[in-house]
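One structure is given below, encoded as structure tokens.
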Amino acid sequence: MSYETDDLPGTWYHLRDQERGRMLESELAHECGSDRHPMVGQRVEAVACCGTCDDVLFELLDRQSWAIVHLTWRRETNPSWPSCDVMENWSEVIEEMADRGH
């Protein structure tokens with residue numbers, strides 16, 4: 001998918017460290033303890049992080065969409081956690097990032 005990470009709003013920054021990206025992808029898989037969570041089984045790539053909270057932007061590789069996930073840093077059993085918002089295009093991603101006020 002095409003997107004431009006040089007113009008991320010607020011404290012969001014492009015994740016250029018592949019090792020950290022893999023760690024965040026692994027953490028997401030670990031946190032989704034309920035098989036009803038919308039991110040379970042998704043192939044993802046960590047793309048960007050918020051510098052002031054635990055929000056991470058993931059590209060959903062099989063769906064050609066995006067998800068901003070608020071990592072909790074613990075295994076969850078409630079399918080509402082970690083919280084996530086799925087967006088279908090890059091302009092929605094930028095709008096969501098700006099709306100979060102970070």
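Scheme for the structure tokens: letters A, B, ... for chains in order shown; per-chain residue numbers from 1; ligand numbers from 1 in order shown.
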Extract, using only C-alpha atoms, all DNA, RNA and protein residues at most 9 Å from range 43-45 of chain A, discarding same-chain residues fewer than 3 positions from it, and format them as number ranges by chain.
A: 21-22, 24-25, 39-40, 57-63, 66
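Taking only chain A, the residues that DSSP calls helix (DSSP H, G or I) from the backbone come to Gln18, Glu19, Arg20, Gly21, Arg22, Met23, Leu24, Glu25, Ser26, Glu27, Leu28, Ala29, His30, Glu31, Trp90, Ser91, Glu92, Val93, Ile94, Glu95, Glu96, Met97, Ala98 and Asp99 of chain A.
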Same residues, N, CA, C and O atoms, output as a CSV table (one decimal), in the first residue's frame:
```csv
chain,number,residue,atom,x,y,z
A,18,GLN,N,13.8,-2.3,12.5
A,18,GLN,CA,13.1,-3.5,12.2
A,18,GLN,C,13.0,-4.5,13.4
A,18,GLN,O,12.0,-5.2,13.6
A,19,GLU,N,14.1,-4.5,14.2
A,19,GLU,CA,14.1,-5.4,15.4
A,19,GLU,C,13.0,-4.9,16.3
A,19,GLU,O,12.2,-5.7,16.9
A,20,ARG,N,12.8,-3.6,16.5
A,20,ARG,CA,11.8,-3.1,17.4
A,20,ARG,C,10.4,-3.4,16.8
A,20,ARG,O,9.4,-3.7,17.5
A,21,GLY,N,10.3,-3.3,15.5
A,21,GLY,CA,9.0,-3.6,14.8
A,21,GLY,C,8.6,-5.0,15.0
A,21,GLY,O,7.5,-5.3,15.4
A,22,ARG,N,9.6,-5.9,14.9
A,22,ARG,CA,9.3,-7.4,15.1
A,22,ARG,C,8.9,-7.6,16.6
A,22,ARG,O,8.0,-8.4,16.9
A,23,MET,N,9.5,-6.9,17.5
A,23,MET,CA,9.1,-7.0,18.9
A,23,MET,C,7.7,-6.5,19.2
A,23,MET,O,6.9,-7.2,19.9
A,24,LEU,N,7.3,-5.4,18.6
A,24,LEU,CA,5.9,-4.9,18.7
A,24,LEU,C,4.9,-5.8,18.1
A,24,LEU,O,3.8,-6.1,18.6
A,25,GLU,N,5.3,-6.4,16.9
A,25,GLU,CA,4.4,-7.4,16.3
A,25,GLU,C,4.2,-8.6,17.2
A,25,GLU,O,3.1,-9.2,17.3
A,26,SER,N,5.3,-9.1,17.8
A,26,SER,CA,5.2,-10.2,18.7
A,26,SER,C,4.4,-9.9,19.9
A,26,SER,O,3.6,-10.7,20.4
A,27,GLU,N,4.6,-8.7,20.5
A,27,GLU,CA,3.8,-8.2,21.6
A,27,GLU,C,2.3,-8.2,21.3
A,27,GLU,O,1.5,-8.6,22.1
A,28,LEU,N,1.9,-7.7,20.1
A,28,LEU,CA,0.5,-7.7,19.8
A,28,LEU,C,0.0,-9.1,19.8
A,28,LEU,O,-1.1,-9.4,20.3
A,29,ALA,N,0.7,-10.1,19.2
A,29,ALA,CA,0.2,-11.5,19.1
A,29,ALA,C,0.1,-12.0,20.5
A,29,ALA,O,-0.9,-12.7,20.9
A,30,HIS,N,1.0,-11.7,21.4
A,30,HIS,CA,1.0,-12.1,22.8
A,30,HIS,C,-0.2,-11.6,23.6
A,30,HIS,O,-0.9,-12.3,24.3
A,31,GLU,N,-0.5,-10.3,23.3
A,31,GLU,CA,-1.6,-9.6,24.1
A,31,GLU,C,-3.0,-10.1,23.7
A,31,GLU,O,-3.9,-10.1,24.5
A,90,TRP,N,-5.1,5.5,4.0
A,90,TRP,CA,-4.1,6.3,4.7
A,90,TRP,C,-4.6,7.6,5.2
A,90,TRP,O,-4.2,8.1,6.3
A,91,SER,N,-5.6,8.3,4.5
A,91,SER,CA,-6.1,9.5,5.0
A,91,SER,C,-6.9,9.3,6.3
A,91,SER,O,-6.8,10.2,7.2
A,92,GLU,N,-7.5,8.2,6.5
A,92,GLU,CA,-8.2,7.9,7.7
A,92,GLU,C,-7.2,7.7,8.8
A,92,GLU,O,-7.5,8.0,10.0
A,93,VAL,N,-6.1,7.1,8.5
A,93,VAL,CA,-5.0,6.9,9.5
A,93,VAL,C,-4.5,8.2,10.0
A,93,VAL,O,-4.5,8.4,11.2
A,94,ILE,N,-4.2,9.1,9.1
A,94,ILE,CA,-3.7,10.4,9.5
A,94,ILE,C,-4.7,11.2,10.4
A,94,ILE,O,-4.4,11.8,11.4
A,95,GLU,N,-6.0,11.1,10.0
A,95,GLU,CA,-7.1,11.7,10.7
A,95,GLU,C,-7.2,11.1,12.1
A,95,GLU,O,-7.3,11.9,13.1
A,96,GLU,N,-7.1,9.8,12.2
A,96,GLU,CA,-7.2,9.2,13.5
A,96,GLU,C,-6.1,9.6,14.4
A,96,GLU,O,-6.2,9.8,15.6
A,97,MET,N,-4.9,9.6,13.9
A,97,MET,CA,-3.7,10.0,14.6
A,97,MET,C,-3.9,11.4,15.2
A,97,MET,O,-3.6,11.7,16.3
A,98,ALA,N,-4.3,12.3,14.3
A,98,ALA,CA,-4.5,13.7,14.7
A,98,ALA,C,-5.6,13.8,15.8
A,98,ALA,O,-5.5,14.6,16.7
A,99,ASP,N,-6.7,13.0,15.6
A,99,ASP,CA,-7.8,13.1,16.6
A,99,ASP,C,-7.4,12.6,17.9
A,99,ASP,O,-8.0,13.0,19.0
```
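If you look at CA of Pro38 in chain A and CA of Pro79 in chain A, they are 7.8 Å away from each other.
Taking only C-alpha atoms, the non-local environment of Thr52 in chain A within 9 Å (same-chain residues fewer than 2 positions away omitted) comprises Thr11, Trp12, Cys49, Cys50, Asp54, Asp55 and His102 of chain A.
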Apply DSSP to the structure's backbone, then extract all residues of range 29-59 of chain A labelled strand (DSSP E or B) and return them as a PyMOL selection string.
chain A and resi 32+44-50+55-59
Determine, counting only C-alpha atoms, which protein, DNA and RNA residues have an atom within 7 Å of an atom of Ser34 in chain A; residues of the same chain fewer than 3 positions away are not included. Present the result as an mmCIF file with N, CA, C and O atoms, in the first residue's frame.
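Output below, filename selection-v6.cif:
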```cif
data_model
loop_
_atom_site.group_PDB
_atom_site.id
_atom_site.type_symbol
_atom_site.label_atom_id
_atom_site.label_comp_id
_atom_site.auth_asym_id
_atom_site.auth_seq_id
_atom_site.Cartn_x
_atom_site.Cartn_y
_atom_site.Cartn_z
ATOM 1 N N HIS A 37 -10.626 -11.576 19.488
ATOM 2 C CA HIS A 37 -10.049 -10.254 19.250
ATOM 3 C C HIS A 37 -9.870 -10.057 17.745
ATOM 4 O O HIS A 37 -9.439 -10.977 17.039
ATOM 5 N N THR A 77 -7.445 -11.289 28.170
ATOM 6 C CA THR A 77 -8.445 -12.310 27.889
ATOM 7 C C THR A 77 -9.752 -11.686 27.405
ATOM 8 O O THR A 77 -10.577 -12.359 26.808
ATOM 9 N N ASN A 78 -9.936 -10.400 27.662
ATOM 10 C CA ASN A 78 -11.110 -9.671 27.198
ATOM 11 C C ASN A 78 -10.872 -9.302 25.735
ATOM 12 O O ASN A 78 -9.870 -8.660 25.416
ATOM 13 N N PRO A 79 -11.790 -9.670 24.819
ATOM 14 C CA PRO A 79 -11.561 -9.380 23.401
ATOM 15 C C PRO A 79 -11.572 -7.891 23.064
ATOM 16 O O PRO A 79 -11.248 -7.516 21.938
#
```
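If you count only C-alpha atoms and ignore residues fewer than 6 places along the chain from Ser65 in chain A, what sits within 7 Å of it is Glu59, Met87, Glu88 and Asn89 of chain A.
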Let me see the file: selected residues, C-alpha atoms, as a short mmCIF file (atom, residue, chain, number, x, y, z; two decimals), in the first residue's frame.
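Here's the written file result.cif:
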```cif
data_model
loop_
_atom_site.label_atom_id
_atom_site.label_comp_id
_atom_site.auth_asym_id
_atom_site.auth_seq_id
_atom_site.Cartn_x
_atom_site.Cartn_y
_atom_site.Cartn_z
CA GLU A 59 -0.39 -2.42 8.49
CA MET A 87 -8.94 2.14 9.02
CA GLU A 88 -9.26 1.39 5.33
CA ASN A 89 -7.03 4.10 3.86
#
```
